[in-house]
Amino acid sequence: GVPHKGGGVPHLVAKQQQQQQEEDNKKINKAPQAAEGKGEPDAAAAPAAAAAQWKFQAVSEASEAPPASSSSSSSAPTSTREAKRVPRRILHMSDTHNLLTERIIREELPEADILIHTGDFTERGTMKECEEFNRLLSGPLKDKYPVRIVIAGNHDLYNVGTEYGKIKQALPGATHFLIHEQVEVDGLRIYGAPWWPGHRWDYRTRSKHPDPAGFERIPMGTDLLLTHGPARGALDEADGVSGNHSGSVKLAEEIKKRRPKVHLFGHIHEQRGSTRMGTGGSSSTSTLVVNSAMTDRWIKPKQLQSGTRRNAGRWHGAHLLLASPSADGWKFS
């Protein structure tokens, strides 16, 4: 082509000028933002951030809770946290003693969001019995109850003593097997204290040493307290004899001090039912106490409570609770 007076090929000069102008504009536009610490977001990082957000939402919306080690919940969007604060149905059972069957689970028990079993799922505490209970946890119970929380009772510990971990390993079908620990499920704070084999059947220790059952570990602010046996004076009269209290004095003291909203247990089969423990009888000053022992105390051989037995309830002795969000956290009915 013909040389331009300014030197160089005309279209190349124009292109160079355009590029220079664009670079100058970038410097002008970025200078104030850099000075104020407001640089433009990294465009390459945006897709990755969006992908991470969607991944978190997918985990949060799953029926099974994410692993306890996950820290993603601390950075959850407000809408995700609020989504958890919805009513939850909780089915409580205890003392099934190998009598729970797949037919009863599928045809007779009500659906719920959370299943809680407070011990004595076996009769003799053998590994074979644990394996059978785990088959139910991993099959029909899993199909009906997304969250399945279990603690050990006195019968479950006949062969392992205080080696609770052996029972835990035998029950992978439970989403949580609690050993003096707390778990949070959908905003509900649930603390589980298993039976201590050093107790007699009626919660009196077999020695003069201080009670090591660990009830003083119960956290303040607990919504649902799970133990196998009762506190003294609340649905703990054994053998159908008025005044024959068998509950733990120490547990009663800690409940009055720490005020969990609900105490779930079993153990004393003949005292199945619910009441309140505390002052005033209101939800803010007392604890809702529920005994859901399902095996009938008086019939041999053992069988689950039936609807014809007084106080047996609709579901062989199990209780269905509704947890509703309230101004002070949760209200239970």
# chains A, B, ... in the order shown; residues from 1 in each chain; ligands from 1
>>> residues_around(residues="range 213-216 of chain A", least_positions_apart="6", cutoff="10 Å", atoms="only C-alpha atoms", output="VMD selection string")
chain A and resid 180 192 to 199 203 205 227 248 250 to 255 257 to 258
>>> write_last_selection(atoms="N, CA, C and O atoms", output="JSON list (two decimals), in the first residue's frame")
[["chain", "number", "residue", "atom", "x", "y", "z"],
["A", 180, "HIS", "N", -23.29, -39.58, 75.42],
["A", 180, "HIS", "CA", -23.02, -38.35, 76.18],
["A", 180, "HIS", "C", -22.58, -37.23, 75.24],
["A", 180, "HIS", "O", -21.52, -36.62, 75.41],
["A", 192, "GLY", "N", -27.96, -36.90, 74.05],
["A", 192, "GLY", "CA", -28.23, -38.28, 74.42],
["A", 192, "GLY", "C", -27.26, -38.80, 75.46],
["A", 192, "GLY", "O", -26.04, -38.72, 75.28],
["A", 193, "ALA", "N", -27.80, -39.35, 76.57],
["A", 193, "ALA", "CA", -26.99, -39.97, 77.63],
["A", 193, "ALA", "C", -27.44, -41.42, 77.78],
["A", 193, "ALA", "O", -28.55, -41.68, 78.27],
["A", 194, "PRO", "N", -26.62, -42.39, 77.37],
["A", 194, "PRO", "CA", -27.02, -43.80, 77.46],
["A", 194, "PRO", "C", -27.03, -44.30, 78.90],
["A", 194, "PRO", "O", -26.59, -43.62, 79.82],
["A", 195, "TRP", "N", -27.53, -45.51, 79.08],
["A", 195, "TRP", "CA", -27.52, -46.14, 80.39],
["A", 195, "TRP", "C", -26.09, -46.40, 80.84],
["A", 195, "TRP", "O", -25.20, -46.65, 80.01],
["A", 196, "TRP", "N", -25.84, -46.30, 82.17],
["A", 196, "TRP", "CA", -24.53, -46.64, 82.72],
["A", 196, "TRP", "C", -24.65, -47.98, 83.43],
["A", 196, "TRP", "O", -25.48, -48.13, 84.35],
["A", 197, "PRO", "N", -23.87, -49.02, 83.04],
["A", 197, "PRO", "CA", -24.02, -50.36, 83.61],
["A", 197, "PRO", "C", -23.75, -50.43, 85.10],
["A", 197, "PRO", "O", -24.11, -51.42, 85.74],
["A", 198, "GLY", "N", -23.11, -49.43, 85.70],
["A", 198, "GLY", "CA", -22.86, -49.43, 87.14],
["A", 198, "GLY", "C", -24.11, -49.21, 87.96],
["A", 198, "GLY", "O", -24.10, -49.38, 89.19],
["A", 199, "HIS", "N", -25.21, -48.81, 87.32],
["A", 199, "HIS", "CA", -26.47, -48.63, 88.02],
["A", 199, "HIS", "C", -27.16, -49.97, 88.25],
["A", 199, "HIS", "O", -27.02, -50.90, 87.46],
["A", 203, "TYR", "N", -31.66, -47.27, 89.03],
["A", 203, "TYR", "CA", -30.82, -46.07, 89.00],
["A", 203, "TYR", "C", -30.06, -45.81, 90.30],
["A", 203, "TYR", "O", -29.38, -44.82, 90.43],
["A", 205, "THR", "N", -26.86, -46.53, 92.38],
["A", 205, "THR", "CA", -25.56, -47.09, 92.01],
["A", 205, "THR", "C", -25.23, -48.29, 92.89],
["A", 205, "THR", "O", -25.74, -48.44, 94.00],
["A", 227, "THR", "N", -32.54, -40.03, 77.62],
["A", 227, "THR", "CA", -31.92, -40.98, 78.53],
["A", 227, "THR", "C", -32.72, -42.27, 78.43],
["A", 227, "THR", "O", -33.82, -42.29, 77.88],
["A", 248, "SER", "N", -33.69, -41.48, 88.72],
["A", 248, "SER", "CA", -32.42, -40.95, 89.19],
["A", 248, "SER", "C", -32.60, -39.59, 89.87],
["A", 248, "SER", "O", -33.15, -38.65, 89.27],
["A", 250, "LYS", "N", -30.08, -37.65, 90.74],
["A", 250, "LYS", "CA", -29.12, -36.76, 90.08],
["A", 250, "LYS", "C", -29.70, -36.22, 88.78],
["A", 250, "LYS", "O", -29.57, -35.02, 88.48],
["A", 251, "LEU", "N", -30.36, -37.07, 88.00],
["A", 251, "LEU", "CA", -30.95, -36.63, 86.74],
["A", 251, "LEU", "C", -32.06, -35.60, 87.00],
["A", 251, "LEU", "O", -32.16, -34.60, 86.28],
["A", 252, "ALA", "N", -32.86, -35.82, 88.04],
["A", 252, "ALA", "CA", -33.92, -34.86, 88.38],
["A", 252, "ALA", "C", -33.32, -33.51, 88.73],
["A", 252, "ALA", "O", -33.84, -32.45, 88.32],
["A", 253, "GLU", "N", -32.23, -33.51, 89.47],
["A", 253, "GLU", "CA", -31.56, -32.26, 89.85],
["A", 253, "GLU", "C", -31.06, -31.51, 88.62],
["A", 253, "GLU", "O", -31.21, -30.28, 88.52],
["A", 254, "GLU", "N", -30.46, -32.24, 87.69],
["A", 254, "GLU", "CA", -29.90, -31.60, 86.50],
["A", 254, "GLU", "C", -31.00, -31.08, 85.58],
["A", 254, "GLU", "O", -30.85, -30.04, 84.93],
["A", 255, "ILE", "N", -32.11, -31.79, 85.48],
["A", 255, "ILE", "CA", -33.22, -31.32, 84.64],
["A", 255, "ILE", "C", -33.78, -30.02, 85.19],
["A", 255, "ILE", "O", -34.06, -29.07, 84.45],
["A", 257, "LYS", "N", -32.19, -27.86, 86.93],
["A", 257, "LYS", "CA", -31.17, -26.82, 86.78],
["A", 257, "LYS", "C", -31.02, -26.37, 85.32],
["A", 257, "LYS", "O", -30.91, -25.17, 85.03],
["A", 258, "ARG", "N", -31.06, -27.32, 84.39],
["A", 258, "ARG", "CA", -30.74, -27.01, 82.99],
["A", 258, "ARG", "C", -31.97, -26.82, 82.11],
["A", 258, "ARG", "O", -31.87, -26.32, 81.00]]
>>> residues_around(residues="range 156-161 of chain A", least_positions_apart="3", cutoff="7 Å", atoms="only C-alpha atoms", output="PyMOL selection string")
chain A and resi 120-122+124-126+152-153+197
>>> residues_around(residues="range 186-189 of chain A", least_positions_apart="4", cutoff="7 Å", atoms="only C-alpha atoms", output="number ranges by chain")
A: 84-85, 182, 222-224
>>> write_last_selection(atoms="C-alpha atoms", output="JSON list (two decimals), in the first residue's frame")
[["chain", "number", "residue", "atom", "x", "y", "z"],
["A", 84, "LYS", "CA", -34.91, -25.26, 58.55],
["A", 85, "ARG", "CA", -37.16, -23.46, 61.01],
["A", 182, "GLN", "CA", -25.23, -33.38, 71.51],
["A", 222, "THR", "CA", -31.02, -28.44, 75.20],
["A", 223, "ASP", "CA", -34.29, -28.94, 73.33],
["A", 224, "LEU", "CA", -34.56, -32.74, 73.56]]
>>> select_by_dssp(residues="range 142-174 of chain A", states="strand (DSSP E)", output="ChimeraX atom specification")
/A:147-150
>>> select_by_dssp(residues="range 124-209 of chain A", states="alpha helix (DSSP H)", output="CSV table (one decimal) with all heavy atoms, in the first residue's frame")
chain,number,residue,atom,x,y,z
A,127,MET,N,-24.8,-59.4,69.6
A,127,MET,CA,-24.5,-58.8,68.4
A,127,MET,C,-25.5,-59.2,67.3
A,127,MET,O,-25.9,-58.4,66.4
A,127,MET,CB,-23.1,-59.2,67.9
A,127,MET,CG,-22.0,-58.4,68.6
A,127,MET,SD,-22.0,-56.6,68.3
A,127,MET,CE,-22.6,-56.0,69.9
A,128,LYS,N,-26.0,-60.4,67.4
A,128,LYS,CA,-27.0,-60.9,66.5
A,128,LYS,C,-28.3,-60.0,66.6
A,128,LYS,O,-28.9,-59.7,65.6
A,128,LYS,CB,-27.4,-62.4,66.7
A,128,LYS,CG,-28.4,-62.9,65.7
A,128,LYS,CD,-28.6,-64.4,65.9
A,128,LYS,CE,-29.6,-65.0,64.9
A,128,LYS,NZ,-29.8,-66.4,65.1
A,129,GLU,N,-28.7,-59.7,67.8
A,129,GLU,CA,-29.9,-58.8,68.0
A,129,GLU,C,-29.6,-57.4,67.5
A,129,GLU,O,-30.5,-56.8,66.9
A,129,GLU,CB,-30.2,-58.8,69.5
A,129,GLU,CG,-30.8,-60.1,70.0
A,129,GLU,CD,-31.0,-60.0,71.6
A,129,GLU,OE1,-30.1,-59.5,72.2
A,129,GLU,OE2,-32.1,-60.4,72.0
A,130,CYS,N,-28.4,-56.9,67.7
A,130,CYS,CA,-28.0,-55.6,67.2
A,130,CYS,C,-28.1,-55.6,65.6
A,130,CYS,O,-28.5,-54.6,65.0
A,130,CYS,CB,-26.6,-55.2,67.6
A,130,CYS,SG,-26.5,-54.8,69.4
A,131,GLU,N,-27.6,-56.7,65.0
A,131,GLU,CA,-27.6,-56.8,63.6
A,131,GLU,C,-29.0,-56.8,63.0
A,131,GLU,O,-29.3,-56.2,62.0
A,131,GLU,CB,-26.9,-58.0,63.1
A,131,GLU,CG,-25.4,-57.9,63.3
A,131,GLU,CD,-24.7,-59.3,63.1
A,131,GLU,OE1,-25.4,-60.3,62.8
A,131,GLU,OE2,-23.4,-59.4,63.3
A,132,GLU,N,-29.9,-57.4,63.7
A,132,GLU,CA,-31.3,-57.4,63.3
A,132,GLU,C,-32.0,-56.0,63.4
A,132,GLU,O,-32.7,-55.6,62.6
A,132,GLU,CB,-32.1,-58.4,64.1
A,132,GLU,CG,-33.6,-58.4,63.9
A,132,GLU,CD,-34.0,-58.7,62.4
A,132,GLU,OE1,-33.2,-59.3,61.7
A,132,GLU,OE2,-35.1,-58.3,62.0
A,133,PHE,N,-31.7,-55.3,64.5
A,133,PHE,CA,-32.2,-54.0,64.7
A,133,PHE,C,-31.6,-53.1,63.6
A,133,PHE,O,-32.3,-52.2,63.1
A,133,PHE,CB,-31.8,-53.4,66.1
A,133,PHE,CG,-32.4,-52.1,66.3
A,133,PHE,CD1,-33.7,-51.8,66.2
A,133,PHE,CD2,-31.5,-51.0,66.8
A,133,PHE,CE1,-34.3,-50.5,66.4
A,133,PHE,CE2,-32.0,-49.8,67.0
A,133,PHE,CZ,-33.4,-49.5,66.8
A,134,ASN,N,-30.3,-53.3,63.3
A,134,ASN,CA,-29.7,-52.5,62.2
A,134,ASN,C,-30.3,-52.7,60.9
A,134,ASN,O,-30.4,-51.8,60.1
A,134,ASN,CB,-28.2,-52.7,62.2
A,134,ASN,CG,-27.5,-51.8,61.2
A,134,ASN,OD1,-27.4,-50.6,61.4
A,134,ASN,ND2,-27.0,-52.4,60.1
A,135,ARG,N,-30.8,-54.0,60.7
A,135,ARG,CA,-31.5,-54.3,59.4
A,135,ARG,C,-32.7,-53.4,59.3
A,135,ARG,O,-33.1,-52.9,58.2
A,135,ARG,CB,-31.8,-55.8,59.4
A,135,ARG,CG,-32.5,-56.2,58.0
A,135,ARG,CD,-32.9,-57.6,58.1
A,135,ARG,NE,-34.1,-57.8,59.0
A,135,ARG,CZ,-35.3,-57.5,58.6
A,135,ARG,NH1,-35.6,-57.0,57.4
A,135,ARG,NH2,-36.3,-57.6,59.5
A,136,LEU,N,-33.4,-53.2,60.4
A,136,LEU,CA,-34.6,-52.4,60.4
A,136,LEU,C,-34.2,-50.9,60.2
A,136,LEU,O,-34.9,-50.2,59.5
A,136,LEU,CB,-35.4,-52.5,61.7
A,136,LEU,CG,-36.0,-53.9,62.0
A,136,LEU,CD1,-36.6,-54.0,63.4
A,136,LEU,CD2,-37.0,-54.4,60.9
A,137,LEU,N,-33.2,-50.5,60.9
A,137,LEU,CA,-32.7,-49.1,60.7
A,137,LEU,C,-32.3,-48.8,59.3
A,137,LEU,O,-32.6,-47.7,58.8
A,137,LEU,CB,-31.5,-48.8,61.7
A,137,LEU,CG,-31.8,-48.7,63.2
A,137,LEU,CD1,-30.5,-48.7,63.9
A,137,LEU,CD2,-32.6,-47.4,63.5
A,138,SER,N,-31.7,-49.7,58.6
A,138,SER,CA,-31.2,-49.5,57.3
A,138,SER,C,-32.2,-49.8,56.2
A,138,SER,O,-32.0,-49.4,55.0
A,138,SER,CB,-30.0,-50.5,57.0
A,138,SER,OG,-29.0,-50.3,58.0
A,140,PRO,N,-36.7,-50.6,56.5
A,140,PRO,CA,-38.0,-49.9,56.6
A,140,PRO,C,-38.0,-48.6,57.4
A,140,PRO,O,-38.8,-47.7,57.2
A,140,PRO,CB,-38.9,-51.0,57.3
A,140,PRO,CG,-37.9,-52.0,57.9
A,140,PRO,CD,-36.7,-51.9,57.0
A,141,LEU,N,-37.2,-48.6,58.5
A,141,LEU,CA,-37.1,-47.3,59.3
A,141,LEU,C,-36.5,-46.2,58.5
A,141,LEU,O,-36.9,-45.1,58.5
A,141,LEU,CB,-36.3,-47.6,60.6
A,141,LEU,CG,-37.0,-48.4,61.6
A,141,LEU,CD1,-36.1,-48.7,62.8
A,141,LEU,CD2,-38.3,-47.8,62.1
A,142,LYS,N,-35.5,-46.5,57.7
A,142,LYS,CA,-34.8,-45.5,56.8
A,142,LYS,C,-35.8,-45.0,55.8
A,142,LYS,O,-35.8,-43.8,55.5
A,142,LYS,CB,-33.6,-46.1,56.2
A,142,LYS,CG,-32.8,-45.1,55.3
A,142,LYS,CD,-31.6,-45.7,54.7
A,142,LYS,CE,-30.8,-44.7,53.9
A,142,LYS,NZ,-29.6,-45.2,53.3
A,143,ASP,N,-36.6,-45.9,55.3
A,143,ASP,CA,-37.6,-45.5,54.2
A,143,ASP,C,-38.6,-44.5,54.8
A,143,ASP,O,-39.2,-43.7,54.1
A,143,ASP,CB,-38.3,-46.7,53.7
A,143,ASP,CG,-37.4,-47.7,52.9
A,143,ASP,OD1,-36.3,-47.2,52.5
A,143,ASP,OD2,-37.8,-48.9,52.8
A,144,LYS,N,-38.9,-44.6,56.1
A,144,LYS,CA,-40.0,-43.8,56.7
A,144,LYS,C,-39.5,-42.6,57.5
A,144,LYS,O,-40.2,-41.6,57.7
A,144,LYS,CB,-40.8,-44.7,57.6
A,144,LYS,CG,-42.3,-44.3,57.8
A,144,LYS,CD,-43.1,-45.5,58.3
A,144,LYS,CE,-44.5,-45.2,58.3
A,144,LYS,NZ,-45.4,-46.3,58.7
A,164,TYR,N,-19.4,-48.6,74.7
A,164,TYR,CA,-20.6,-48.2,73.9
A,164,TYR,C,-20.2,-48.2,72.4
A,164,TYR,O,-21.1,-48.4,71.5
A,164,TYR,CB,-21.0,-46.8,74.2
A,164,TYR,CG,-21.4,-46.6,75.7
A,164,TYR,CD1,-20.6,-46.0,76.6
A,164,TYR,CD2,-22.7,-47.1,76.1
A,164,TYR,CE1,-21.0,-45.8,77.9
A,164,TYR,CE2,-23.1,-46.9,77.4
A,164,TYR,CZ,-22.2,-46.3,78.3
A,164,TYR,OH,-22.6,-46.1,79.6
A,165,GLY,N,-18.9,-48.0,72.1
A,165,GLY,CA,-18.5,-48.0,70.7
A,165,GLY,C,-18.8,-49.3,69.9
A,165,GLY,O,-19.0,-49.2,68.7
A,166,LYS,N,-18.8,-50.4,70.6
A,166,LYS,CA,-19.1,-51.7,69.9
A,166,LYS,C,-20.6,-51.7,69.4
A,166,LYS,O,-20.8,-52.2,68.4
A,166,LYS,CB,-18.9,-52.8,70.9
A,166,LYS,CG,-17.4,-53.1,71.2
A,166,LYS,CD,-17.2,-54.3,72.1
A,166,LYS,CE,-15.7,-54.6,72.3
A,166,LYS,NZ,-15.5,-55.8,73.1
A,167,ILE,N,-21.5,-51.1,70.2
A,167,ILE,CA,-22.9,-51.1,69.8
A,167,ILE,C,-23.0,-50.1,68.7
A,167,ILE,O,-23.7,-50.3,67.7
A,167,ILE,CB,-23.8,-50.6,71.0
A,167,ILE,CG1,-23.6,-51.6,72.1
A,167,ILE,CG2,-25.2,-50.6,70.5
A,167,ILE,CD1,-24.1,-53.0,71.9
A,168,LYS,N,-22.3,-48.9,68.8
A,168,LYS,CA,-22.3,-47.9,67.7
A,168,LYS,C,-21.9,-48.5,66.4
A,168,LYS,O,-22.5,-48.3,65.3
A,168,LYS,CB,-21.5,-46.7,68.1
A,168,LYS,CG,-21.5,-45.6,67.1
A,168,LYS,CD,-20.8,-44.4,67.6
A,168,LYS,CE,-20.9,-43.2,66.6
A,168,LYS,NZ,-20.2,-42.0,67.1
A,169,GLN,N,-20.8,-49.3,66.4
A,169,GLN,CA,-20.3,-49.9,65.2
A,169,GLN,C,-21.2,-50.9,64.6
A,169,GLN,O,-21.3,-51.1,63.4
A,169,GLN,CB,-18.9,-50.6,65.4
A,169,GLN,CG,-17.8,-49.6,65.7
A,169,GLN,CD,-16.5,-50.3,66.1
A,169,GLN,OE1,-16.4,-51.5,66.1
A,169,GLN,NE2,-15.4,-49.5,66.3
A,170,ALA,N,-22.1,-51.5,65.4
A,170,ALA,CA,-23.0,-52.5,64.9
A,170,ALA,C,-24.3,-51.9,64.4
A,170,ALA,O,-25.1,-52.6,63.8
A,170,ALA,CB,-23.4,-53.5,66.1
>>> atom_distance(atom1="CA of Ile268 in chain A", atom2="CA of Phe332 in chain A")
22.8 Å
>>> atom_distance(atom1="CA of Pro230 in chain A", atom2="CA of Ile104 in chain A")
26.2 Å
>>> atom_distance(atom1="CA of Gly221 in chain A", atom2="CA of Arg259 in chain A")
7.5 Å
>>> closest_residue(among="A:Pro146, A:Glu237, A:Glu111, A:Arg206", to="His176 in chain A", atoms="only C-alpha atoms")
A:Pro146
